[in-house]
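Working notes for the structure below.
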Amino acid sequence: MPNKSADLPTITIAKFENALHERSAFSCGFAPIDNFLKSSLSEQIKDGMVAAWMATAEGQNAVLGFYTLGAMAVRAQFGPKKWQRARVPDIPVIYIRAVAVRQDMQGRMLGTALVVDAMKRCLGIAEQMARQLSFLMCLTASISTDAGTSMLNSDFSRSVILRTREGSIFRWPM
């Protein structure tokens with residue numbers, strides 16, 4: 001089996017800085033995400049809605065891919081009845097809002113690298129907060145990782161459920 005990442009340049013994933021990351025040539029093939037990156041991202045960061053990380057080739061400024069994270073809470077009142085009986089507080093969640101890869105870099109495992117980086121960052125945040133966080137990743141069919149997958153943690157435990165578009169389900173304890 002050929003190594004898809006063999007011709008991938010050395011990638012740096014760093015927190016977004018407007019002056020350092022060149023976004024104008026980015027196109028993932030899905031106009032709403034392209035427009036978000038080029039037109040709305042800076043404002044949403046300024047408003048505290050998201051934080052973003054950019055993938056670039058080492059020593060280059062052109063964005064090859066990116067992801068954004070946001071914070072929200074799941075109201076315990078909408079969870080299982082046992083949460084309500086136990087008076088569980090609202091549950092903090094990190095939301096992976098967008099993951100996108102430039103068209104010429106798709107199929108080379110960069111999307112997978114971005115998702116793995118996002119998951120590691122989320123776990124680091126959870127450890128820093130000394131409480132359990134859940135991952136909530138909602139990717140539409142148009143915006144997916146290289147494997148065409150989406151992830152949803154449905155039971156808010158320290159595990160991740162991976163659902164492929166074909167319906168296969170995999171679970172990892174975290």
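By order of appearance in the structure tokens: chains A, B, ..., then residues from 1 within every chain, and ligands from 1 in the order shown.
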Task: Close residues, Leu110 in chain A itself excluded, 10 Å, only C-alpha atoms, min 2 positions apart in chain, as a list of chain:residue names - done: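 Once the adjacent positions are removed, what remains is A:Lys4, A:Ser5, A:Leu8, A:Ile11, A:Ala55, A:Leu64, A:Gly65, A:Phe66, A:Ala100, A:Val101, A:Arg102, A:Met105, A:Gln106, A:Gly107, A:Arg108, A:Thr112, A:Ala113, A:Leu114, A:Val115, A:Val116, A:Thr145, A:Asp146.
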Any chance you could export the current selection's N, CA and C atoms as a PDB file, in the first residue's frame?
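The resulting file, again32.pdb, is reproduced below:
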```pdb
ATOM      1  N   LYS A   4       0.594   7.538   1.651  1.00  0.00           N
ATOM      2  CA  LYS A   4      -0.017   8.790   1.197  1.00  0.00           C
ATOM      3  C   LYS A   4       0.724  10.015   1.701  1.00  0.00           C
ATOM      4  N   SER A   5       1.366   9.894   2.851  1.00  0.00           N
ATOM      5  CA  SER A   5       2.024  11.057   3.429  1.00  0.00           C
ATOM      6  C   SER A   5       3.481  11.173   3.013  1.00  0.00           C
ATOM      7  N   LEU A   8       4.269  14.450   1.500  1.00  0.00           N
ATOM      8  CA  LEU A   8       3.789  15.580   2.295  1.00  0.00           C
ATOM      9  C   LEU A   8       4.988  16.334   2.844  1.00  0.00           C
ATOM     10  N   ILE A  11       5.212  19.585   8.056  1.00  0.00           N
ATOM     11  CA  ILE A  11       4.083  20.464   8.394  1.00  0.00           C
ATOM     12  C   ILE A  11       4.264  21.046   9.789  1.00  0.00           C
ATOM     13  N   ALA A  55      -2.176  24.870   9.483  1.00  0.00           N
ATOM     14  CA  ALA A  55      -1.108  23.985   9.028  1.00  0.00           C
ATOM     15  C   ALA A  55      -0.411  24.663   7.855  1.00  0.00           C
ATOM     16  N   LEU A  64      -2.211  25.470   4.436  1.00  0.00           N
ATOM     17  CA  LEU A  64      -2.508  24.211   3.745  1.00  0.00           C
ATOM     18  C   LEU A  64      -3.759  23.560   4.314  1.00  0.00           C
ATOM     19  N   GLY A  65      -4.065  23.865   5.556  1.00  0.00           N
ATOM     20  CA  GLY A  65      -5.240  23.322   6.229  1.00  0.00           C
ATOM     21  C   GLY A  65      -5.403  24.025   7.561  1.00  0.00           C
ATOM     22  N   PHE A  66      -6.555  23.843   8.184  1.00  0.00           N
ATOM     23  CA  PHE A  66      -6.783  24.490   9.474  1.00  0.00           C
ATOM     24  C   PHE A  66      -7.899  23.780  10.219  1.00  0.00           C
ATOM     25  N   ALA A 100     -10.503  21.790   7.629  1.00  0.00           N
ATOM     26  CA  ALA A 100     -10.466  21.875   6.165  1.00  0.00           C
ATOM     27  C   ALA A 100      -9.031  21.778   5.672  1.00  0.00           C
ATOM     28  N   VAL A 101      -8.884  21.210   4.484  1.00  0.00           N
ATOM     29  CA  VAL A 101      -7.578  21.020   3.852  1.00  0.00           C
ATOM     30  C   VAL A 101      -7.640  21.577   2.435  1.00  0.00           C
ATOM     31  N   ARG A 102      -6.594  22.315   2.059  1.00  0.00           N
ATOM     32  CA  ARG A 102      -6.515  22.870   0.705  1.00  0.00           C
ATOM     33  C   ARG A 102      -6.626  21.737  -0.306  1.00  0.00           C
ATOM     34  N   MET A 105      -3.848  19.446  -1.302  1.00  0.00           N
ATOM     35  CA  MET A 105      -3.256  18.674  -0.211  1.00  0.00           C
ATOM     36  C   MET A 105      -4.193  17.567   0.281  1.00  0.00           C
ATOM     37  N   GLN A 106      -5.401  17.503  -0.271  1.00  0.00           N
ATOM     38  CA  GLN A 106      -6.364  16.490   0.161  1.00  0.00           C
ATOM     39  C   GLN A 106      -5.918  15.096  -0.255  1.00  0.00           C
ATOM     40  N   GLY A 107      -6.246  14.114   0.581  1.00  0.00           N
ATOM     41  CA  GLY A 107      -5.868  12.733   0.317  1.00  0.00           C
ATOM     42  C   GLY A 107      -4.444  12.411   0.731  1.00  0.00           C
ATOM     43  N   ARG A 108      -3.789  13.326   1.433  1.00  0.00           N
ATOM     44  CA  ARG A 108      -2.391  13.133   1.832  1.00  0.00           C
ATOM     45  C   ARG A 108      -2.234  13.057   3.348  1.00  0.00           C
ATOM     46  N   THR A 112      -6.279  14.202   8.646  1.00  0.00           N
ATOM     47  CA  THR A 112      -6.109  13.316   9.798  1.00  0.00           C
ATOM     48  C   THR A 112      -5.154  13.940  10.811  1.00  0.00           C
ATOM     49  N   ALA A 113      -4.054  14.495  10.330  1.00  0.00           N
ATOM     50  CA  ALA A 113      -3.082  15.135  11.230  1.00  0.00           C
ATOM     51  C   ALA A 113      -3.727  16.304  11.972  1.00  0.00           C
ATOM     52  N   LEU A 114      -4.575  17.067  11.301  1.00  0.00           N
ATOM     53  CA  LEU A 114      -5.257  18.187  11.943  1.00  0.00           C
ATOM     54  C   LEU A 114      -6.228  17.705  13.027  1.00  0.00           C
ATOM     55  N   VAL A 115      -6.989  16.651  12.733  1.00  0.00           N
ATOM     56  CA  VAL A 115      -7.937  16.123  13.714  1.00  0.00           C
ATOM     57  C   VAL A 115      -7.185  15.564  14.928  1.00  0.00           C
ATOM     58  N   VAL A 116      -6.100  14.847  14.694  1.00  0.00           N
ATOM     59  CA  VAL A 116      -5.303  14.312  15.802  1.00  0.00           C
ATOM     60  C   VAL A 116      -4.734  15.455  16.643  1.00  0.00           C
ATOM     61  N   THR A 145     -12.774  14.438   7.309  1.00  0.00           N
ATOM     62  CA  THR A 145     -11.363  14.110   7.354  1.00  0.00           C
ATOM     63  C   THR A 145     -11.021  13.303   6.115  1.00  0.00           C
ATOM     64  N   ASP A 146      -9.758  12.990   5.942  1.00  0.00           N
ATOM     65  CA  ASP A 146      -9.331  12.211   4.781  1.00  0.00           C
ATOM     66  C   ASP A 146     -10.074  10.884   4.675  1.00  0.00           C
TER      67      ASP A 146
END
```
TODO: Calculate how many Å separate CA of Arg75 in chain A from CA of Asp117 in chain A, rounding to one decimal.
DONE: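 Value for the CA of Arg75 in chain A-CA of Asp117 in chain A distance: 27.0 Å.
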Task: CA of Pro89 in chain A to CA of Ala76 in chain A, distance in Å rounded to a single decimal - done: 6.0 Å
TODO: Enumerate, as a ChimeraX atom specification, the complete set of residues in range 32-135 of chain A that a backbone-based DSSP assignment places in strand (DSSP E or B).
DONE: /A:51-57,62-74,91-101,134-135
Can those selected residues be exported to a file as a CSV table (one decimal), in the first residue's frame so that it contains N, CA and C atoms?
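Listed below is the output, part_36.csv:
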```csv
chain,number,residue,atom,x,y,z
A,51,ALA,N,-11.0,29.6,18.5
A,51,ALA,CA,-9.6,29.7,18.4
A,51,ALA,C,-9.2,28.8,17.2
A,52,ALA,N,-8.2,29.2,16.4
A,52,ALA,CA,-7.9,28.5,15.2
A,52,ALA,C,-6.4,28.1,15.1
A,53,TRP,N,-6.1,27.0,14.5
A,53,TRP,CA,-4.8,26.5,14.3
A,53,TRP,C,-4.6,26.3,12.8
A,54,MET,N,-3.5,26.7,12.2
A,54,MET,CA,-3.2,26.6,10.8
A,54,MET,C,-2.0,25.6,10.6
A,55,ALA,N,-2.2,24.9,9.5
A,55,ALA,CA,-1.1,24.0,9.0
A,55,ALA,C,-0.4,24.7,7.9
A,56,THR,N,0.9,24.8,7.9
A,56,THR,CA,1.7,25.3,6.9
A,56,THR,C,2.9,24.4,6.6
A,57,ALA,N,3.5,24.5,5.4
A,57,ALA,CA,4.7,23.8,5.2
A,57,ALA,C,5.8,24.5,6.0
A,62,ALA,N,1.8,30.1,3.5
A,62,ALA,CA,0.5,29.7,2.9
A,62,ALA,C,-0.2,28.6,3.7
A,63,VAL,N,-1.5,28.8,4.0
A,63,VAL,CA,-2.2,27.9,4.8
A,63,VAL,C,-2.6,26.7,3.9
A,64,LEU,N,-2.2,25.5,4.4
A,64,LEU,CA,-2.5,24.2,3.7
A,64,LEU,C,-3.8,23.6,4.3
A,65,GLY,N,-4.1,23.9,5.6
A,65,GLY,CA,-5.2,23.3,6.2
A,65,GLY,C,-5.4,24.0,7.6
A,66,PHE,N,-6.6,23.8,8.2
A,66,PHE,CA,-6.8,24.5,9.5
A,66,PHE,C,-7.9,23.8,10.2
A,67,TYR,N,-8.0,24.1,11.5
A,67,TYR,CA,-9.1,23.7,12.3
A,67,TYR,C,-9.4,24.8,13.3
A,68,THR,N,-10.7,24.8,13.8
A,68,THR,CA,-11.1,25.8,14.8
A,68,THR,C,-11.7,25.0,16.0
A,69,LEU,N,-11.5,25.6,17.2
A,69,LEU,CA,-12.1,25.0,18.4
A,69,LEU,C,-13.0,26.1,19.0
A,70,GLY,N,-14.1,25.7,19.6
A,70,GLY,CA,-14.9,26.6,20.4
A,70,GLY,C,-15.3,25.9,21.7
A,71,ALA,N,-15.8,26.7,22.6
A,71,ALA,CA,-16.2,26.1,23.9
A,71,ALA,C,-17.7,26.4,24.0
A,72,MET,N,-18.4,25.4,24.7
A,72,MET,CA,-19.8,25.5,25.0
A,72,MET,C,-20.1,24.6,26.1
A,73,ALA,N,-21.3,24.5,26.5
A,73,ALA,CA,-21.7,23.6,27.6
A,73,ALA,C,-22.9,22.8,27.2
A,74,VAL,N,-23.0,21.6,27.7
A,74,VAL,CA,-24.1,20.8,27.5
A,74,VAL,C,-24.9,20.9,28.8
A,91,ILE,N,-22.0,20.5,31.6
A,91,ILE,CA,-20.8,19.8,31.2
A,91,ILE,C,-20.1,20.7,30.2
A,92,PRO,N,-18.8,21.1,30.4
A,92,PRO,CA,-18.1,21.9,29.4
A,92,PRO,C,-17.7,21.0,28.3
A,93,VAL,N,-17.8,21.5,27.1
A,93,VAL,CA,-17.5,20.8,25.9
A,93,VAL,C,-16.6,21.6,25.0
A,94,ILE,N,-15.7,21.0,24.3
A,94,ILE,CA,-14.9,21.7,23.3
A,94,ILE,C,-15.4,21.2,22.0
A,95,TYR,N,-15.8,22.2,21.2
A,95,TYR,CA,-16.5,21.9,19.9
A,95,TYR,C,-15.5,22.1,18.8
A,96,ILE,N,-15.2,21.1,18.0
A,96,ILE,CA,-14.4,21.2,16.8
A,96,ILE,C,-15.3,21.7,15.7
A,97,ARG,N,-15.2,23.0,15.4
A,97,ARG,CA,-16.1,23.6,14.5
A,97,ARG,C,-15.8,23.4,13.0
A,98,ALA,N,-14.6,23.5,12.7
A,98,ALA,CA,-14.2,23.3,11.2
A,98,ALA,C,-12.9,22.6,11.1
A,99,VAL,N,-12.8,21.8,10.1
A,99,VAL,CA,-11.5,21.2,9.7
A,99,VAL,C,-11.5,21.2,8.2
A,100,ALA,N,-10.5,21.8,7.6
A,100,ALA,CA,-10.5,21.9,6.2
A,100,ALA,C,-9.0,21.8,5.7
A,101,VAL,N,-8.9,21.2,4.5
A,101,VAL,CA,-7.6,21.0,3.9
A,101,VAL,C,-7.6,21.6,2.4
A,134,SER,N,-15.7,16.6,27.2
A,134,SER,CA,-16.1,15.8,26.1
A,134,SER,C,-15.8,16.4,24.7
A,135,PHE,N,-15.6,15.6,23.8
A,135,PHE,CA,-15.4,16.1,22.4
A,135,PHE,C,-16.7,16.0,21.7
```
Task: Pairwise distance for CA of Asn35 in chain A and CA of Met109 in chain A, rounded to one decimal in Å - done: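 CA of Met109 in chain A lies at a distance of 23.1 Å from CA of Asn35 in chain A.
If only C-alpha atoms are the atoms counted, then among A:Met49, A:Ile33, A:Lys81, A:Asn61 the closest residue to Glu17 in chain A is A:Asn61.
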